[in-house]
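Novice: Take this structure first; my questions come after.
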Amino acid sequence: MVSAKKTKKTHESINNKLALVMKSGKYTLGYKTVLKTMRTGKAKLVIISNNCPPLRKSEIEYYAMLGKVDVHHYNGNNVELGTACGKLYRVCCLSIVAAGDSDIIKSTPGATTQ
C-alpha cells in the first residue's frame, strides 16, 4: 500500500515537472527527432513510455548509452505520456533539450547526473 502511494506521488511529480518543461523548456516529441537530438548531442534526458515497441526502445537505449544521455522509463502508456505533455495525441518518446525552469533532469528517478 505504501509503495503504491509513493509511485503515484512520483508519477504525479514527473507529470508536473514535464508540464513545466513543456511551458518553459525545449523538447522534441517522436522517435525520429529523439534519435536526431541524441546523434547531435543536444538531448539531456529521454523519456520512453512503457508500451513503446521493444526494438524501438532498445535502439533508443543504445543511442542513449553511446551519447551518455539519461533515460527515464515513464510509468504509463503513450496516451498518458501525451496527456502529460499537454498534447491530444500519443507520444511514444520525447527528449528534453533544455529543461527551462524545471529540475526534471536532476531529480528524475532512474536518471543519473553527470
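Within each chain, counting starts at residue 1; across the C-alpha cells, chains are named A, B, ... in the order shown, with ligands numbered 1 upward in that order.
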Please provide the set of residues having any atom within 6 Å of stretch 42-59 of chain A, restricted to only C-alpha atoms, with same-chain residues fewer than 3 positions apart removed, written as a list in words.
Specialist: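 These residues fall inside the cut-off: Thr37, Met38, Tyr62, Val69, Asp70, Val71, His72, His73, Tyr74, Gly76, Asn77, Asn78, Cys92, Cys93, Leu94, Ser95, Ile96 and Val97 of chain A.
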Novice: Generate a file of the selected residues that holds N, CA and C atoms, formatted as a compact mmCIF listing (two decimals), in the first residue's frame.
Specialist:
# COMPACT_ATOMS: atom_id res chain seq x y z
N THR A 37 18.24 14.23 -32.02
CA THR A 37 18.83 15.04 -30.94
C THR A 37 19.91 14.27 -30.19
N MET A 38 19.76 12.95 -30.09
CA MET A 38 20.81 12.17 -29.42
C MET A 38 22.06 12.07 -30.29
N TYR A 62 20.25 2.24 -26.76
CA TYR A 62 21.60 2.08 -27.30
C TYR A 62 22.20 3.43 -27.67
N VAL A 69 23.35 9.84 -22.46
CA VAL A 69 22.12 10.56 -22.19
C VAL A 69 21.31 9.74 -21.18
N ASP A 70 20.69 10.41 -20.22
CA ASP A 70 19.87 9.74 -19.23
C ASP A 70 18.56 9.29 -19.86
N VAL A 71 18.08 8.12 -19.44
CA VAL A 71 16.82 7.58 -19.94
C VAL A 71 15.89 7.34 -18.77
N HIS A 72 14.65 7.79 -18.91
CA HIS A 72 13.63 7.54 -17.89
C HIS A 72 12.49 6.76 -18.54
N HIS A 73 12.12 5.64 -17.93
CA HIS A 73 11.00 4.86 -18.42
C HIS A 73 9.74 5.35 -17.72
N TYR A 74 8.88 5.99 -18.49
CA TYR A 74 7.65 6.58 -17.96
C TYR A 74 6.71 5.47 -17.53
N GLY A 76 3.64 4.83 -17.63
CA GLY A 76 2.32 4.94 -18.25
C GLY A 76 2.47 4.70 -19.73
N ASN A 77 1.34 4.49 -20.40
CA ASN A 77 1.42 4.22 -21.83
C ASN A 77 1.56 5.51 -22.63
N ASN A 78 1.59 5.38 -23.96
CA ASN A 78 1.86 6.53 -24.80
C ASN A 78 0.72 7.55 -24.79
N CYS A 92 5.23 8.39 -27.93
CA CYS A 92 5.99 7.19 -27.57
C CYS A 92 7.25 7.56 -26.80
N CYS A 93 7.95 8.60 -27.25
CA CYS A 93 9.18 9.01 -26.60
C CYS A 93 9.39 10.50 -26.83
N LEU A 94 10.11 11.10 -25.92
CA LEU A 94 10.45 12.51 -26.06
C LEU A 94 11.82 12.75 -25.49
N SER A 95 12.49 13.75 -26.03
CA SER A 95 13.80 14.12 -25.50
C SER A 95 13.73 15.56 -25.02
N ILE A 96 14.36 15.80 -23.89
CA ILE A 96 14.41 17.15 -23.32
C ILE A 96 15.76 17.74 -23.69
N VAL A 97 15.73 18.85 -24.42
CA VAL A 97 16.95 19.53 -24.86
C VAL A 97 17.37 20.56 -23.82
Novice: Name the residues of stretch 7-105 of chain A that come out as helix (DSSP H, G or I) in a backbone DSSP run; write them as a PDB file with C-alpha atoms, in the first residue's frame.
Specialist:
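Output file result27.pdb is given in full below:
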ATOM      1  CA  THR A   7       4.780   5.520  -7.005  1.00  0.00           C
ATOM      2  CA  LYS A   8       1.591   7.508  -7.600  1.00  0.00           C
ATOM      3  CA  LYS A   9       3.155  10.562  -5.955  1.00  0.00           C
ATOM      4  CA  THR A  10       6.334  10.120  -8.020  1.00  0.00           C
ATOM      5  CA  HIS A  11       4.214   9.733 -11.169  1.00  0.00           C
ATOM      6  CA  GLU A  12       2.357  12.981 -10.377  1.00  0.00           C
ATOM      7  CA  SER A  13       5.588  14.876  -9.699  1.00  0.00           C
ATOM      8  CA  ILE A  14       7.024  13.684 -13.018  1.00  0.00           C
ATOM      9  CA  ASN A  15       3.862  14.916 -14.726  1.00  0.00           C
ATOM     10  CA  ASN A  16       4.157  18.325 -13.025  1.00  0.00           C
ATOM     11  CA  LYS A  17       7.811  18.669 -13.981  1.00  0.00           C
ATOM     12  CA  LEU A  18       7.026  17.561 -17.523  1.00  0.00           C
ATOM     13  CA  ALA A  19       4.301  20.204 -17.785  1.00  0.00           C
ATOM     14  CA  LEU A  20       6.807  22.833 -16.634  1.00  0.00           C
ATOM     15  CA  VAL A  21       9.283  21.689 -19.301  1.00  0.00           C
ATOM     16  CA  MET A  22       6.546  21.985 -21.933  1.00  0.00           C
ATOM     17  CA  LYS A  23       5.933  25.602 -20.899  1.00  0.00           C
ATOM     18  CA  SER A  24       9.461  26.880 -20.337  1.00  0.00           C
ATOM     19  CA  TYR A  31      11.064   8.689 -32.383  1.00  0.00           C
ATOM     20  CA  LYS A  32      12.907  10.250 -35.330  1.00  0.00           C
ATOM     21  CA  THR A  33      13.568  13.584 -33.643  1.00  0.00           C
ATOM     22  CA  VAL A  34      14.669  11.862 -30.421  1.00  0.00           C
ATOM     23  CA  LEU A  35      17.282   9.898 -32.361  1.00  0.00           C
ATOM     24  CA  LYS A  36      18.327  13.072 -34.176  1.00  0.00           C
ATOM     25  CA  THR A  37      18.835  15.037 -30.940  1.00  0.00           C
ATOM     26  CA  MET A  38      20.811  12.173 -29.420  1.00  0.00           C
ATOM     27  CA  ARG A  39      23.051  11.886 -32.502  1.00  0.00           C
ATOM     28  CA  THR A  40      23.781  15.612 -32.443  1.00  0.00           C
ATOM     29  CA  PRO A  54      10.875  -3.375 -27.749  1.00  0.00           C
ATOM     30  CA  LEU A  55      13.025  -2.877 -30.848  1.00  0.00           C
ATOM     31  CA  ARG A  56      12.476   0.884 -30.789  1.00  0.00           C
ATOM     32  CA  LYS A  57      13.099   1.014 -27.029  1.00  0.00           C
ATOM     33  CA  SER A  58      16.362  -0.909 -27.312  1.00  0.00           C
ATOM     34  CA  GLU A  59      17.550   1.319 -30.171  1.00  0.00           C
ATOM     35  CA  ILE A  60      16.830   4.473 -28.140  1.00  0.00           C
ATOM     36  CA  GLU A  61      18.618   3.000 -25.119  1.00  0.00           C
ATOM     37  CA  TYR A  62      21.602   2.077 -27.299  1.00  0.00           C
ATOM     38  CA  TYR A  63      21.901   5.607 -28.708  1.00  0.00           C
ATOM     39  CA  ALA A  64      21.488   6.986 -25.179  1.00  0.00           C
ATOM     40  CA  MET A  65      24.279   4.759 -23.902  1.00  0.00           C
ATOM     41  CA  LEU A  66      26.592   5.906 -26.696  1.00  0.00           C
ATOM     42  CA  GLY A  67      25.785   9.580 -26.134  1.00  0.00           C
ATOM     43  CA  ASN A  78       1.861   6.533 -24.802  1.00  0.00           C
ATOM     44  CA  VAL A  79      -1.619   8.064 -24.394  1.00  0.00           C
ATOM     45  CA  GLU A  80      -0.834   9.042 -20.782  1.00  0.00           C
ATOM     46  CA  LEU A  81       2.570  10.428 -21.782  1.00  0.00           C
ATOM     47  CA  GLY A  82       0.924  12.538 -24.491  1.00  0.00           C
ATOM     48  CA  THR A  83      -1.610  13.826 -21.976  1.00  0.00           C
ATOM     49  CA  ALA A  84       1.174  14.640 -19.501  1.00  0.00           C
ATOM     50  CA  ILE A 104      13.437  17.246 -14.150  1.00  0.00           C
ATOM     51  CA  ILE A 105      16.939  16.320 -15.329  1.00  0.00           C
TER      52      ILE A 105
END
Novice: When you draw a straight line from atom CA of A:Tyr89 to atom CA of A:Gly25, how long is it in Å?
Specialist: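 Taking atom CA of A:Tyr89 as the start and atom CA of A:Gly25 as the end point, the length is 19.8 Å.
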Novice: Using Å and a single decimal, report how far atom CA of A:Leu88 sits from atom CA of A:Ser107.
Specialist: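 Result for atom CA of A:Ser107 versus atom CA of A:Leu88: 26.4 Å, one decimal.
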Novice: I'd like to know which residues of chain A are strand (DSSP E or B) (by DSSP, run on the backbone); could you write them as a list in words?
Specialist: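 Those residues are Lys26, Tyr27, Thr28, Leu29, Leu45, Val46, Ile47, Ile48, Asp70, Val71, His72, His73, Cys93, Leu94, Ser95, Ile96, Val97 and Ala98 of chain A.
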Novice: Please, what distance in Å, to one decimal, runs between atom CA of A:Lys26 and atom CA of A:Ala99?
Specialist: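 Between these atoms lies a distance of 6.5 Å.
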